[in-house]
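Report on the following structure.
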Amino acid sequence: MKHTQSLLLLVSLLPVTMSTQAEVFVAPFGGYSLGGGQFDVNQIDINADQTGDKKNVKVEESSHYGLMLGIGTNDPGNIYLLYSHQASELKSGGLFTPDRLTSLDLDYIHLGGTLYFPRGDIRPYVTASAGITRMLPDAWSSETRFSMGIGGGVEYQVTQHFGLFADIRGYATFINSDSSLFCNEDECLWHITSDVMWQAQANLGLKVSF
């Protein structure tokens, strides 16, 4: 299970940023990935030549889930490791007649930080993160690219150790504009001509502090 392996990687990295004296937290979340990423591709033939069959390929909108593990700071804020998993599809074509190309798992594994602006139990915040995006299509090779995220939201502290939060995050995945994408042992599927894949997430979650 590819997304389980990513979660284990996230957990293994956590001790690097944690201290036994500081407040730590676990924050599971879920939501909807909006808009999907879009990029331009050129079909590649069996001889690895570009065919001129250009398409606009889109990551289909769908739900996602994830987990943040982190440590509080005195800013007030926190530092966290984030894992987000989306099971989606790659589609091309028009708005009303999209062609399904392949299923696609999309993972974000990021190190980030949050700055709060407390107003009693209501705590608005801004957040930024950086890490990797893993794209795992069915029957083709996975692709890993550097990505960055930025967002904002609000947290409601129900008790000292329990809170609810909602936020919106935007992710930019930096894709080499002159490379092949999604290969297997014999061939590559496309030559990509886009630089950045954009995606937005709307999240709801809960935060448990210790």
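Simple scheme: letters A, B, ... for chains in structure tokens order, numbers from 1 for residues in each chain, numbers from 1 for ligands in the order shown.
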
Sel. of strand (DSSP E) residues, segment 68-198 of chain A, as a VMD selection string: chain A and resid 68 to 73 77 to 93 98 to 116 122 to 137 143 to 159 162 to 174 179 to 183 188 to 192 196 to 198

Pairwise distance for atom CA of Leu34 of chain A and atom CA of Phe174 of chain A, rounded to one decimal in Å: 18.1 Å

What lies within 7 Å of Ile150 of chain A using only C-alpha atoms, ignoring chain neighbours under 3 positions off, as a compact mmCIF listing (two decimals) with N, CA and C atoms, in the first residue's frame?
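And here's around07.txt as it stands now:
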# COMPACT_ATOMS: atom_id res chain seq x y z
N THR A 127 -0.33 29.55 7.38
CA THR A 127 0.59 28.42 7.38
C THR A 127 1.32 28.33 6.05
N ALA A 128 2.53 27.80 6.10
CA ALA A 128 3.32 27.57 4.89
C ALA A 128 4.09 26.27 5.06
N SER A 129 4.36 25.60 3.95
CA SER A 129 5.05 24.31 4.03
C SER A 129 5.82 24.05 2.74
N ARG A 169 -5.82 25.42 1.69
CA ARG A 169 -4.41 25.40 1.34
C ARG A 169 -4.24 25.33 -0.17
N GLY A 170 -3.23 26.01 -0.66
CA GLY A 170 -2.87 25.93 -2.07
C GLY A 170 -1.50 25.28 -2.21
N TYR A 171 -1.37 24.38 -3.17
CA TYR A 171 -0.11 23.68 -3.41
C TYR A 171 0.39 23.94 -4.83

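When the distance limit is 8 Å and only C-alpha atoms are what count, the residues near Ser141 of chain A, minus those fewer than 3 positions from it on the same chain, are Leu136, Pro137, Phe182, Cys183 and Asn184 of chain A.
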
Emit the selected residues as a short mmCIF file (atom, residue, chain, number, x, y, z; two decimals), in the first residue's frame, including N, CA, C and O atoms.
data_model
loop_
_atom_site.label_atom_id
_atom_site.label_comp_id
_atom_site.auth_asym_id
_atom_site.auth_seq_id
_atom_site.Cartn_x
_atom_site.Cartn_y
_atom_site.Cartn_z
N LEU A 136 1.26 8.81 -8.36
CA LEU A 136 1.35 7.37 -8.56
C LEU A 136 0.21 6.89 -9.45
O LEU A 136 -0.86 6.53 -8.97
N PRO A 137 0.42 6.88 -10.78
CA PRO A 137 -0.62 6.39 -11.69
C PRO A 137 -0.63 4.87 -11.75
O PRO A 137 0.38 4.22 -11.48
N PHE A 182 5.57 9.63 -16.50
CA PHE A 182 4.88 8.35 -16.34
C PHE A 182 5.42 7.31 -17.34
O PHE A 182 4.90 7.16 -18.44
N CYS A 183 6.46 6.62 -16.93
CA CYS A 183 7.09 5.61 -17.77
C CYS A 183 6.90 4.23 -17.14
O CYS A 183 6.71 4.10 -15.93
N ASN A 184 7.01 3.18 -17.98
CA ASN A 184 7.15 1.82 -17.48
C ASN A 184 8.45 1.26 -18.06
O ASN A 184 9.30 2.01 -18.53
#

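The neighbours of Arg123 of chain A here are the residues that come within 12 Å of it, using only C-alpha atoms and leaving out any residue fewer than 3 positions away in the same chain; they are Pro76, Gly77, Thr114, Leu115, Tyr116, Phe117, Pro118, Arg119, Gly120, Val126, Gly152, Gly153, Val154, Glu155, Tyr156, Gln157, Val158, Gly163, Leu164, Phe165, Ala166 and Asp167 of chain A.
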